[in-house]
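One file, structure-v9.txt, carrying compact mmCIF, C-alpha atoms and all ligand atoms:
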# COMPACT_ATOMS: atom_id res chain seq x y z
CA MET A 1 -5.42 -5.12 -55.33
CA ALA A 2 -6.57 -2.17 -57.43
CA GLY A 3 -5.00 1.18 -56.67
CA VAL A 4 -1.94 -0.27 -54.99
CA GLN A 5 1.13 1.29 -56.57
CA ARG A 6 3.56 -1.59 -56.72
CA PRO A 7 7.12 -0.94 -57.87
CA LEU A 8 7.75 -2.23 -61.36
CA SER A 9 10.70 -4.46 -61.96
CA PRO A 10 13.33 -2.69 -64.05
CA HIS A 11 12.73 -2.69 -67.76
CA LEU A 12 16.09 -3.98 -68.93
CA GLN A 13 16.25 -2.14 -72.26
CA VAL A 14 15.95 1.27 -70.62
CA TYR A 15 17.69 0.52 -67.37
CA ARG A 16 21.15 2.00 -66.95
CA PRO A 17 23.68 -0.83 -66.59
CA GLN A 18 25.28 -0.82 -63.17
CA ILE A 19 28.12 -2.85 -61.79
CA SER A 20 25.66 -4.87 -59.70
CA SER A 21 23.39 -5.82 -62.61
CA VAL A 22 26.20 -6.44 -65.09
CA LEU A 23 28.09 -8.72 -62.70
CA SER A 24 24.88 -10.52 -61.85
CA ILE A 25 23.97 -11.40 -65.43
CA THR A 26 27.61 -12.32 -66.06
CA HIS A 27 27.40 -14.85 -63.23
CA ARG A 28 24.46 -16.44 -65.01
CA ILE A 29 26.12 -16.34 -68.45
CA THR A 30 29.35 -17.86 -67.13
CA GLY A 31 27.39 -20.52 -65.21
CA ALA A 32 25.43 -21.54 -68.30
CA SER A 33 28.55 -21.47 -70.51
CA LEU A 34 30.47 -23.63 -68.04
CA GLY A 35 27.50 -25.99 -68.03
CA PHE A 36 27.90 -26.46 -71.80
CA GLY A 37 31.66 -26.57 -71.28
CA THR A 38 31.26 -29.76 -69.27
CA LEU A 39 30.81 -31.45 -72.66
CA LEU A 40 34.45 -30.60 -73.44
CA LEU A 41 35.50 -31.98 -70.06
CA ALA A 42 33.55 -35.18 -70.78
CA TRP A 43 35.19 -35.50 -74.19
CA TRP A 44 38.64 -35.02 -72.67
CA LEU A 45 38.09 -37.54 -69.85
CA ILE A 46 36.53 -40.15 -72.12
CA SER A 47 39.32 -39.84 -74.67
CA ALA A 48 41.87 -40.24 -71.86
CA ALA A 49 40.04 -43.40 -70.79
CA THR A 50 39.82 -44.66 -74.39
CA GLY A 51 43.54 -44.71 -75.19
CA ALA A 52 46.64 -42.83 -76.24
CA GLU A 53 45.44 -42.28 -79.80
CA ALA A 54 42.03 -40.83 -78.88
CA PHE A 55 43.72 -38.70 -76.23
CA ALA A 56 46.28 -37.33 -78.68
CA GLN A 57 43.45 -36.40 -81.04
CA ALA A 58 41.56 -34.54 -78.28
CA GLN A 59 44.74 -32.80 -77.13
CA GLY A 60 45.43 -31.80 -80.73
CA VAL A 61 42.06 -30.08 -81.09
CA LEU A 62 42.19 -28.45 -77.65
CA GLY A 63 45.80 -27.36 -78.21
CA SER A 64 45.12 -25.73 -81.59
CA ILE A 65 44.84 -21.96 -81.71
CA PRO A 66 41.00 -21.94 -81.81
CA GLY A 67 41.00 -24.63 -79.11
CA ARG A 68 43.24 -22.54 -76.90
CA LEU A 69 41.07 -19.46 -77.40
CA VAL A 70 38.02 -21.44 -76.27
CA LEU A 71 39.90 -22.84 -73.27
CA PHE A 72 41.17 -19.37 -72.38
CA GLY A 73 37.57 -18.13 -72.40
CA PHE A 74 36.46 -21.02 -70.21
CA THR A 75 39.34 -20.35 -67.81
CA TRP A 76 38.16 -16.80 -67.31
CA ALA A 77 34.50 -17.87 -67.05
CA LEU A 78 35.45 -20.40 -64.38
CA PHE A 79 37.51 -17.95 -62.33
CA TYR A 80 34.85 -15.27 -62.66
CA HIS A 81 32.08 -17.64 -61.58
CA LEU A 82 34.24 -18.93 -58.73
CA CYS A 83 35.13 -15.46 -57.43
CA ASN A 84 31.64 -14.09 -57.81
CA GLY A 85 30.30 -17.34 -56.30
CA ILE A 86 32.26 -16.53 -53.15
CA ARG A 87 30.58 -13.13 -53.20
CA HIS A 88 27.20 -14.86 -53.47
CA LEU A 89 27.95 -17.17 -50.56
CA GLY A 90 28.99 -14.12 -48.53
CA TRP A 91 25.62 -12.49 -49.22
CA ASP A 92 23.88 -15.71 -48.22
CA ALA A 93 25.69 -15.44 -44.90
CA GLY A 94 24.44 -11.85 -44.62
CA LEU A 95 27.78 -10.22 -45.42
CA GLY A 96 28.62 -7.37 -47.77
CA PHE A 97 25.22 -5.94 -48.66
CA GLU A 98 26.17 -2.26 -48.23
CA ILE A 99 26.34 -0.58 -51.64
CA PRO A 100 29.98 0.65 -51.33
CA VAL A 101 31.11 -2.78 -50.14
CA MET A 102 29.21 -4.43 -52.98
CA GLU A 103 30.90 -2.20 -55.53
CA ARG A 104 34.32 -2.88 -54.06
CA THR A 105 33.85 -6.66 -53.96
CA GLY A 106 32.45 -6.49 -57.48
CA ILE A 107 35.53 -4.72 -58.79
CA ALA A 108 37.70 -7.17 -56.85
CA VAL A 109 35.94 -10.05 -58.65
CA ILE A 110 36.72 -8.52 -62.04
CA ILE A 111 40.37 -7.94 -61.16
CA PHE A 112 40.91 -11.33 -59.51
CA SER A 113 39.26 -13.24 -62.33
CA ILE A 114 41.53 -11.59 -64.92
CA VAL A 115 44.70 -11.94 -62.83
CA LEU A 116 44.01 -15.61 -62.03
CA THR A 117 43.29 -16.37 -65.70
CA ILE A 118 46.53 -14.80 -66.87
CA ALA A 119 48.49 -16.43 -64.03
CA ALA A 120 47.09 -19.89 -64.84
CA TRP A 121 48.03 -19.52 -68.52
CA ALA A 122 51.43 -18.07 -67.74
CA VAL A 123 52.24 -21.06 -65.52
CA GLY A 124 50.77 -23.52 -68.03
CA CYS A 125 52.71 -22.05 -70.96
CA THR A 126 55.93 -22.02 -68.94
CA LEU A 127 55.50 -25.67 -67.97
CA ALA A 128 54.74 -26.60 -71.57
CA GLY A 129 57.98 -24.89 -72.57
CA GLY A 130 56.81 -21.84 -74.53
CA VAL A 131 53.68 -20.82 -76.36
CA ALA A 132 54.32 -22.98 -79.41
CA MET B 133 -6.12 -10.52 -41.66
CA THR B 134 -6.01 -13.86 -39.97
CA GLU B 135 -2.98 -14.52 -37.87
CA SER B 136 -1.22 -17.75 -38.81
CA LEU B 137 -0.35 -20.06 -35.97
CA ARG B 138 2.38 -21.71 -37.99
CA SER B 139 5.97 -20.89 -37.17
CA PRO B 140 8.20 -19.70 -40.04
CA LEU B 141 10.06 -23.01 -39.83
CA GLY B 142 6.79 -24.91 -40.01
CA ARG B 143 5.85 -22.97 -43.12
CA VAL B 144 9.07 -23.81 -44.86
CA ARG B 145 9.13 -27.47 -43.96
CA GLY B 146 7.28 -29.25 -46.69
CA LEU B 147 5.48 -26.16 -47.95
CA GLY B 148 5.21 -24.84 -51.47
CA SER B 149 3.56 -26.64 -54.34
CA ALA B 150 6.54 -28.94 -54.70
CA ARG B 151 6.56 -29.56 -50.91
CA SER B 152 10.27 -28.92 -50.90
CA GLY B 153 10.61 -25.52 -49.22
CA THR B 154 14.14 -24.17 -49.53
CA THR B 155 15.71 -27.49 -50.54
CA HIS B 156 16.66 -26.44 -54.07
CA TRP B 157 18.20 -23.17 -52.93
CA TRP B 158 20.08 -24.87 -50.12
CA ARG B 159 21.50 -27.59 -52.39
CA GLN B 160 22.70 -24.94 -54.84
CA ARG B 161 24.69 -23.37 -51.98
CA LEU B 162 26.00 -26.71 -50.65
CA THR B 163 27.20 -27.83 -54.08
CA ALA B 164 28.80 -24.39 -54.59
CA LEU B 165 30.61 -24.70 -51.26
CA ALA B 166 31.83 -28.19 -52.14
CA LEU B 167 32.96 -27.03 -55.59
CA LEU B 168 35.07 -24.20 -54.22
CA PRO B 169 38.04 -26.27 -52.96
CA LEU B 170 37.51 -29.02 -55.55
CA ILE B 171 37.70 -26.62 -58.51
CA ILE B 172 40.82 -24.95 -57.12
CA TRP B 173 42.46 -28.38 -56.71
CA PHE B 174 41.36 -29.42 -60.23
CA VAL B 175 42.63 -26.26 -61.93
CA ILE B 176 46.03 -26.66 -60.24
CA GLY B 177 46.08 -30.28 -61.41
CA LEU B 178 45.20 -29.33 -64.98
CA VAL B 179 47.68 -26.47 -65.18
CA SER B 180 50.50 -28.63 -63.87
CA HIS B 181 49.76 -31.19 -66.60
CA VAL B 182 49.83 -28.83 -69.57
CA GLY B 183 51.86 -30.55 -72.25
CA ALA B 184 51.95 -33.86 -70.34
CA ASP B 185 51.58 -37.05 -72.37
CA HIS B 186 48.80 -39.62 -72.12
CA ALA B 187 50.60 -41.84 -69.62
CA ALA B 188 51.24 -38.97 -67.22
CA VAL B 189 47.66 -37.68 -67.42
CA VAL B 190 46.24 -41.17 -66.90
CA ALA B 191 48.54 -41.75 -63.93
CA TRP B 192 47.31 -38.52 -62.38
CA ILE B 193 43.61 -39.32 -62.92
CA ALA B 194 44.02 -42.89 -61.71
CA ALA B 195 45.86 -42.16 -58.44
CA PRO B 196 43.37 -43.20 -55.73
CA LEU B 197 43.07 -39.82 -54.01
CA ASN B 198 42.80 -37.97 -57.32
CA ALA B 199 40.17 -40.35 -58.67
CA ALA B 200 38.13 -39.96 -55.49
CA LEU B 201 38.38 -36.16 -55.62
CA LEU B 202 37.44 -36.21 -59.33
CA VAL B 203 34.32 -38.27 -58.64
CA LEU B 204 33.36 -35.81 -55.88
CA LEU B 205 34.03 -32.88 -58.23
CA LEU B 206 31.95 -34.41 -61.01
CA THR B 207 29.07 -35.25 -58.67
CA ALA B 208 28.96 -31.81 -57.08
CA GLY B 209 29.54 -30.11 -60.44
CA PHE B 210 26.85 -31.81 -62.49
CA TRP B 211 24.43 -31.54 -59.60
CA HIS B 212 25.20 -27.80 -59.36
CA VAL B 213 24.62 -27.38 -63.10
CA GLN B 214 21.33 -29.25 -62.91
CA LEU B 215 20.11 -27.02 -60.07
CA GLY B 216 21.40 -23.80 -61.60
CA GLY B 217 20.25 -24.62 -65.12
CA ARG B 218 16.74 -25.32 -63.86
CA VAL B 219 16.49 -21.82 -62.38
CA ILE B 220 17.60 -20.30 -65.69
CA ILE B 221 15.04 -22.36 -67.63
CA GLU B 222 12.25 -21.43 -65.23
CA ASP B 223 13.16 -17.75 -65.52
CA TYR B 224 13.14 -17.53 -69.31
CA ILE B 225 10.86 -20.26 -70.67
CA HIS B 226 7.24 -19.52 -69.92
CA GLY B 227 5.27 -22.04 -71.99
CA GLU B 228 4.39 -24.81 -69.55
CA GLY B 229 5.05 -27.67 -71.97
CA LEU B 230 8.39 -26.40 -73.21
CA LYS B 231 9.46 -25.53 -69.68
CA ILE B 232 8.82 -29.03 -68.37
CA PHE B 233 10.43 -30.57 -71.43
CA SER B 234 13.54 -28.41 -70.96
CA VAL B 235 13.90 -29.24 -67.27
CA VAL B 236 13.53 -32.96 -67.98
CA ALA B 237 16.05 -32.73 -70.83
CA LEU B 238 18.48 -30.89 -68.54
CA ASN B 239 18.08 -33.54 -65.85
CA PHE B 240 18.64 -36.38 -68.31
CA ALA B 241 21.62 -34.62 -69.91
CA THR B 242 23.42 -33.77 -66.66
CA ILE B 243 22.95 -37.31 -65.35
CA ALA B 244 24.07 -38.90 -68.63
CA VAL B 245 27.14 -36.71 -69.17
CA GLY B 246 28.05 -36.75 -65.48
CA LEU B 247 27.82 -40.53 -65.33
CA ALA B 248 29.90 -40.87 -68.49
CA CYS B 249 32.61 -38.71 -66.88
CA VAL B 250 32.54 -40.73 -63.66
CA LEU B 251 32.78 -44.00 -65.61
CA ALA B 252 35.78 -42.68 -67.54
CA VAL B 253 37.55 -41.85 -64.25
CA LEU B 254 36.60 -45.21 -62.70
CA LYS B 255 37.76 -47.09 -65.76
CA LEU B 256 41.21 -45.56 -65.36
CA ALA B 257 41.25 -45.84 -61.57
CA LEU B 258 40.17 -49.50 -61.44
CA ARG B 259 42.17 -50.87 -64.34
CA THR B 260 44.67 -53.55 -63.57
CA VAL B 261 48.06 -52.46 -64.79
C1 LIG C 301 34.01 -22.81 -58.16
C2 LIG C 301 32.98 -23.11 -57.55
C3 LIG C 301 31.62 -22.51 -57.79
C4 LIG C 301 30.97 -21.67 -56.96
C5 LIG C 301 31.49 -21.11 -55.64
C6 LIG C 301 29.66 -21.41 -57.54
C7 LIG C 301 28.69 -20.62 -56.97
C8 LIG C 301 27.43 -20.44 -57.45
C9 LIG C 301 26.35 -19.81 -56.74
C10 LIG C 301 26.43 -19.21 -55.35
C11 LIG C 301 25.27 -19.82 -57.56
C12 LIG C 301 23.89 -19.27 -57.24
C13 LIG C 301 23.73 -17.91 -57.84
C14 LIG C 301 22.35 -17.35 -57.67
O1 LIG C 301 21.58 -17.82 -56.85
O2 LIG C 301 22.02 -16.39 -58.41
C15 LIG C 301 25.66 -20.45 -58.80
C16 LIG C 301 24.84 -20.61 -59.88
C17 LIG C 301 25.19 -21.34 -61.00
N1 LIG C 301 26.37 -22.02 -61.23
FE1 LIG C 301 27.94 -22.03 -59.99
N2 LIG C 301 29.56 -22.06 -58.74
C18 LIG C 301 30.73 -22.76 -58.91
C19 LIG C 301 31.05 -23.55 -60.01
C20 LIG C 301 30.22 -23.76 -61.10
C21 LIG C 301 30.57 -24.58 -62.22
C22 LIG C 301 31.90 -25.33 -62.38
C23 LIG C 301 29.51 -24.54 -63.08
C24 LIG C 301 29.32 -25.20 -64.40
C25 LIG C 301 30.02 -26.18 -64.88
C26 LIG C 301 28.48 -23.69 -62.49
C27 LIG C 301 27.25 -23.41 -63.04
C28 LIG C 301 26.29 -22.64 -62.46
C29 LIG C 301 25.00 -22.33 -63.05
C30 LIG C 301 24.49 -22.79 -64.41
C31 LIG C 301 24.33 -21.51 -62.14
C32 LIG C 301 22.95 -20.88 -62.29
C33 LIG C 301 23.12 -19.43 -62.61
C34 LIG C 301 21.90 -18.58 -62.36
O3 LIG C 301 20.94 -19.03 -61.72
O4 LIG C 301 21.92 -17.44 -62.79
N3 LIG C 301 28.96 -23.23 -61.28
N4 LIG C 301 26.99 -20.83 -58.70
Just give me the structure of the file as structure tokens.
Amino acid sequence: MAGVQRPLSPHLQVYRPQISSVLSITHRITGASLGFGTLLLAWWLISAATGAEAFAQAQGVLGSIPGRLVLFGFTWALFYHLCNGIRHLGWDAGLGFEIPVMERTGIAVIIFSIVLTIAAWAVGCTLAGGVA
Amino acid sequence: MTESLRSPLGRVRGLGSARSGTTHWWRQRLTALALLPLIIWFVIGLVSHVGADHAAVVAWIAAPLNAALLVLLLTAGFWHVQLGGRVIIEDYIHGEGLKIFSVVALNFATIAVGLACVLAVLKLALRTV
């Protein structure tokens, strides 16, 4: 044991953020946030099962400006976690470990998550007939 | 150094203090794989019902195929959260008592909330119109 120079794990406070580490912790943060977000999903489903009045109340809260901001955040978190999850599953299959490839797929995850979020809201707002 | 006669597979099968080998890791991947198409289907369903009234949303949830897919989504999703949340707890909570308490609370919560969601879907799917 003694005298063996083992590498230390990075000390986060002094470690330069890199795309790999930032995307990694974001996967965890989005996963945990979505986990708490399932409470909103439960509320929505249960109010739909309860009746028209309860459902209208839930829709009213979720459709308010603060409600929409929260849902917009969850939309991005979901798309990010989904896209980066594909990246994870690729690694598990042994694909994409080379540093340049990892950086490119990482940037692709950022771009795709933002584009998908905006697309989903654009379609939703159009179907609802305007932002109001 | 003593050479082990056990094969790598033999080591993994039933080894580790929990005697579960790679089961947790593998289930996290399987639930992720299942969630991939289910989440895409669900998001499309949600987006296409923005602004829809109660009757339309209920009709969508209650359609047999949709209800079945929702139950699959909820099962895979809450399972995935239970597995993933446990890893986060084990990484950051070091006191043995609090760690065990948190994992148990997570397990209870995901089962309770997940079951409530499934019951809500089933209530709509099985109602007699
Ligand atoms: C769209 C489908 C999804 C895919 C492909 C996916 C993929 C993954 C993968 C591969 C991991 C393991 C990451 C690792 O080992 O570091 C993971 C972790 C996790 N996921 Fe998902 N996921 C999906 C949806 C969700 C959803 C909907 C939620 C929550 C409601 C969620 C919550 C979590 C949590 C809490 C973790 C643990 C994070 C960590 O250990 O850092 N995931 N996901």
* To do: Measuring atom to atom with all atoms listed in the file, identify which of B:Gly227, B:Pro169, B:Gly153, B:Gly246 is nearest to ligand LIG 301 (chain C).
  =>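 Answer, going by the shortest atom-to-atom distance: B:Pro169.
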Find the residues in chain A near chain B: any atom within 6 Å counts, using all atoms listed in the file. Write them as an NGL selection string. :A and (35 or 42 or 46 or 49 or 52 or 124 or 128)
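Nearest residue to Leu202 (chain B), choosing from A:Thr126, A:Val4, A:Leu45, A:Pro17 and counting all atoms listed in the file: A:Leu45.
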Residues near Leu201 (chain B), anyone? I mean within 9 Å using only C-alpha atoms, not counting same-chain ones fewer than 5 positions away, as a ChimeraX atom specification. /B:170,173-174,196,206
Please give the centre and size of the box around ligand LIG 301 (chain C) (axis-aligned, containing every atom listed in the file, 5 Å added per side), with values in Å to one decimal and written as JSON.
{"center_x": 27.5, "center_y": -21.3, "center_z": -60.1, "size_x": 23.1, "size_y": 19.8, "size_z": 19.5}
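Here CA of Glu222 (chain B) and atom C6 of ligand LIG 301 (chain C) stand 19.0 Å from one another.
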The distance between CA of Leu39 (chain A) and CA of Ala241 (chain B) is 10.1 Å
Nearest candidate to ligand LIG 301 (chain C) (options A:Ser47, A:Thr30, A:Thr75, A:Thr117; using only C-alpha atoms and all ligand atoms):
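That would be A:Thr30, the residue with the smallest distance to ligand LIG 301 (chain C).
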